[in-house]
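Asker: If it helps, the file is called target-v4.pdb and holds PDB, C-alpha atoms:
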```
ATOM      1  CA  MET A   1      16.137  86.817  71.564
ATOM      2  CA  GLY A   2      18.963  84.836  73.170
ATOM      3  CA  VAL A   3      20.664  81.758  71.842
ATOM      4  CA  THR A   4      19.320  78.496  73.245
ATOM      5  CA  LYS A   5      21.786  76.284  75.044
ATOM      6  CA  THR A   6      20.263  72.970  74.093
ATOM      7  CA  HIS A   7      23.712  71.364  74.089
ATOM      8  CA  ILE A   8      23.864  71.519  77.901
ATOM      9  CA  PHE A   9      20.787  69.272  78.215
ATOM     10  CA  SER A  10      20.483  65.551  77.573
ATOM     11  CA  SER A  11      19.144  64.273  74.293
ATOM     12  CA  ALA A  12      16.104  62.908  76.168
ATOM     13  CA  GLN A  13      15.404  66.357  77.668
ATOM     14  CA  ASN A  14      15.764  68.043  74.285
ATOM     15  CA  GLU A  15      13.514  65.473  72.619
ATOM     16  CA  MET A  16      10.809  65.797  75.260
ATOM     17  CA  ALA A  17      10.919  69.595  74.968
ATOM     18  CA  GLN A  18      10.594  69.387  71.174
ATOM     19  CA  ILE A  19       7.643  67.015  71.460
ATOM     20  CA  ALA A  20       5.973  69.271  74.028
ATOM     21  CA  LYS A  21       6.498  72.244  71.713
ATOM     22  CA  VAL A  22       4.803  70.444  68.822
ATOM     23  CA  LEU A  23       1.915  69.340  71.031
ATOM     24  CA  ALA A  24       1.496  72.831  72.517
ATOM     25  CA  HIS A  25      -0.643  74.033  69.609
ATOM     26  CA  PRO A  26      -4.417  73.460  69.918
ATOM     27  CA  ALA A  27      -4.808  72.840  66.177
ATOM     28  CA  ARG A  28      -2.302  69.990  66.376
ATOM     29  CA  ILE A  29      -4.130  68.486  69.327
ATOM     30  CA  ALA A  30      -7.399  68.699  67.359
ATOM     31  CA  ILE A  31      -5.730  67.096  64.341
ATOM     32  CA  LEU A  32      -4.341  64.234  66.426
ATOM     33  CA  GLN A  33      -7.687  63.689  68.145
ATOM     34  CA  TYR A  34      -9.494  63.566  64.804
ATOM     35  CA  ILE A  35      -6.977  61.251  63.138
ATOM     36  CA  SER A  36      -6.871  58.931  66.157
ATOM     37  CA  LYS A  37     -10.594  58.274  65.728
ATOM     38  CA  GLN A  38     -10.296  57.413  62.020
ATOM     39  CA  GLU A  39      -8.970  54.418  60.115
ATOM     40  CA  GLY A  40      -7.091  56.954  57.978
ATOM     41  CA  CYS A  41      -7.469  60.576  57.110
ATOM     42  CA  ILE A  42      -7.157  62.674  53.983
ATOM     43  CA  CYS A  43      -6.018  66.274  54.370
ATOM     44  CA  THR A  44      -9.208  67.711  52.902
ATOM     45  CA  ASP A  45     -11.180  65.909  55.633
ATOM     46  CA  LEU A  46      -9.119  67.816  58.173
ATOM     47  CA  VAL A  47      -9.862  71.129  56.479
ATOM     48  CA  ASP A  48     -13.586  70.502  56.861
ATOM     49  CA  GLU A  49     -13.272  69.147  60.394
ATOM     50  CA  ILE A  50     -10.775  71.610  61.912
ATOM     51  CA  GLY A  51     -11.796  74.708  59.960
ATOM     52  CA  LEU A  52      -8.324  75.856  58.927
ATOM     53  CA  ALA A  53      -7.024  76.382  55.402
ATOM     54  CA  GLN A  54      -5.416  73.431  53.628
ATOM     55  CA  PRO A  55      -1.887  74.967  53.627
ATOM     56  CA  THR A  56      -2.185  75.604  57.370
ATOM     57  CA  ILE A  57      -3.327  72.021  57.990
ATOM     58  CA  SER A  58      -0.379  70.778  55.910
ATOM     59  CA  GLN A  59       2.071  72.837  57.983
ATOM     60  CA  HIS A  60       0.656  71.387  61.198
ATOM     61  CA  LEU A  61       0.784  67.855  59.785
ATOM     62  CA  ASN A  62       4.443  68.356  58.869
ATOM     63  CA  GLU A  63       5.280  69.431  62.420
ATOM     64  CA  ILE A  64       3.503  66.390  63.845
ATOM     65  CA  LYS A  65       5.292  64.123  61.350
ATOM     66  CA  LYS A  66       8.679  65.547  62.452
ATOM     67  CA  ILE A  67       8.232  63.974  65.892
ATOM     68  CA  GLY A  68       7.135  60.687  64.324
ATOM     69  CA  LEU A  69       3.507  60.604  65.472
ATOM     70  CA  LEU A  70       2.042  60.249  61.975
ATOM     71  CA  LYS A  71       2.420  57.746  59.184
ATOM     72  CA  GLY A  72       1.173  58.540  55.714
ATOM     73  CA  SER A  73       0.438  56.713  52.502
ATOM     74  CA  PHE A  74      -0.761  57.815  49.091
ATOM     75  CA  GLU A  75      -4.194  56.741  47.922
ATOM     76  CA  GLY A  76      -4.454  58.001  44.376
ATOM     77  CA  LYS A  77      -3.689  61.719  44.546
ATOM     78  CA  ASN A  78      -4.492  61.988  48.246
ATOM     79  CA  LEU A  79      -2.193  61.498  51.205
ATOM     80  CA  CYS A  80      -3.805  59.459  53.958
ATOM     81  CA  TYR A  81      -2.549  59.809  57.543
ATOM     82  CA  CYS A  82      -2.807  57.598  60.604
ATOM     83  CA  ILE A  83      -1.253  57.547  64.058
ATOM     84  CA  ASN A  84       2.111  55.801  64.354
ATOM     85  CA  GLU A  85       1.102  53.578  67.257
ATOM     86  CA  GLU A  86       4.658  52.518  68.186
ATOM     87  CA  ARG A  87       5.805  56.123  68.464
ATOM     88  CA  TRP A  88       2.599  57.080  70.294
ATOM     89  CA  GLN A  89       3.351  54.397  72.908
ATOM     90  CA  GLU A  90       6.975  55.565  73.242
ATOM     91  CA  LEU A  91       5.872  59.147  73.867
ATOM     92  CA  GLN A  92       3.155  58.051  76.256
ATOM     93  CA  ASN A  93       5.703  56.048  78.272
ATOM     94  CA  SER A  94       8.164  58.959  78.319
ATOM     95  CA  PHE A  95       5.583  61.459  79.528
ATOM     96  CA  ASN A  96       4.128  59.015  82.067
ATOM     97  CA  ALA A  97       7.615  58.462  83.513
ATOM     98  CA  PHE A  98       8.239  62.212  83.570
ATOM     99  CA  PHE A  99       4.996  63.037  85.365
ATOM    100  CA  THR A 100       5.091  60.155  87.856
ATOM    101  CA  ASN A 101       8.770  60.339  88.792
ATOM    102  CA  ILE A 102       8.586  62.988  91.502
ATOM    103  CA  ASN A 103       9.845  63.098  95.052
ATOM    104  CA  GLN A 104       6.863  62.401  97.276
ATOM    105  CA  ASN A 105       8.709  63.788 100.325
ATOM    106  CA  CYS A 106       8.811  67.340  99.009
ATOM    107  CA  CYS A 107       7.299  70.086 101.212
TER     108      CYS A 107
END
```
What would you get if you wrote out this structure as structure tokens?

Answerer:
Amino acid sequence: MGVTKTHIFSSAQNEMAQIAKVLAHPARIAILQYISKQEGCICTDLVDEIGLAQPTISQHLNEIKKIGLLKGSFEGKNLCYCINEERWQELQNSFNAFFTNINQNCC
């Protein structure tokens, strides 16, 4: 496999590509949909809801956290997750601008 040339692209392009890569997995979409409907979420709830093993859920949660979409807090021995609403809005604005900023005069 070739070496990526991420350095030739803007930081905004690289960030959007990284976010799209994280969101490109159906398990992560399911996790985000489930968490967005809760006041908070404990990892074992996700195991029951999504149907994947706890270590797999944890790996997906870590990838989602890397792009800043999740906040977490400890409640006893459990880690509770919720959507980082500020970051969610930032990403929504970025993707909306990307998808609506096209040349309407194209063929």

Asker: Could you pull the residues within 9 Å of stretch 35-39 of chain A, counting all atoms listed in the file, minus those fewer than 6 positions along the same chain, as a PyMOL selection string?

Answerer: chain A and resi 46+81-83

Asker: What is the distance, in Å and to one decimal place, between atom CA of A:Ile57 and atom CA of A:Asp45?

Answerer: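 Interatomic distance here is 10.2 Å.
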
Asker: What's the 10 Å shell around stretch 61-75 of chain A, counting all atoms listed in the file, without same-chain residues fewer than 5 positions away, as a PyMOL selection string?

Answerer: chain A and resi 15-16+18-23+27-29+31-32+35-36+40-43+55-56+80-91

Asker: How far is it from atom CA of A:Lys5 to atom CA of A:Ser94, in Å with one decimal?

Answerer: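 Between these atoms lies a distance of 22.3 Å.
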
Asker: Just to confirm, what's the straight-line distance from atom CA of A:Ala24 to atom CA of A:Asn103 in Å (one decimal)?

Answerer: 25.9 Å

Asker: Hey, could you pull the box centre and edge lengths for stretch 9-26 of chain A, axis-aligned, 5 Å padding per side, all listed atoms, to one decimal in Å, as lines of an AutoDock Vina configuration file?

Answerer:
```
center_x = 8.2
center_y = 68.5
center_z = 73.5
size_x = 35.2
size_y = 21.1
size_z = 19.4
```

Asker: Of the candidates A:Ala53, A:Ala30, A:Ala17, A:Ile8, which shows the shortest atom-to-atom distance to A:Phe95, using all atoms listed in the file?

Answerer: A:Ala17
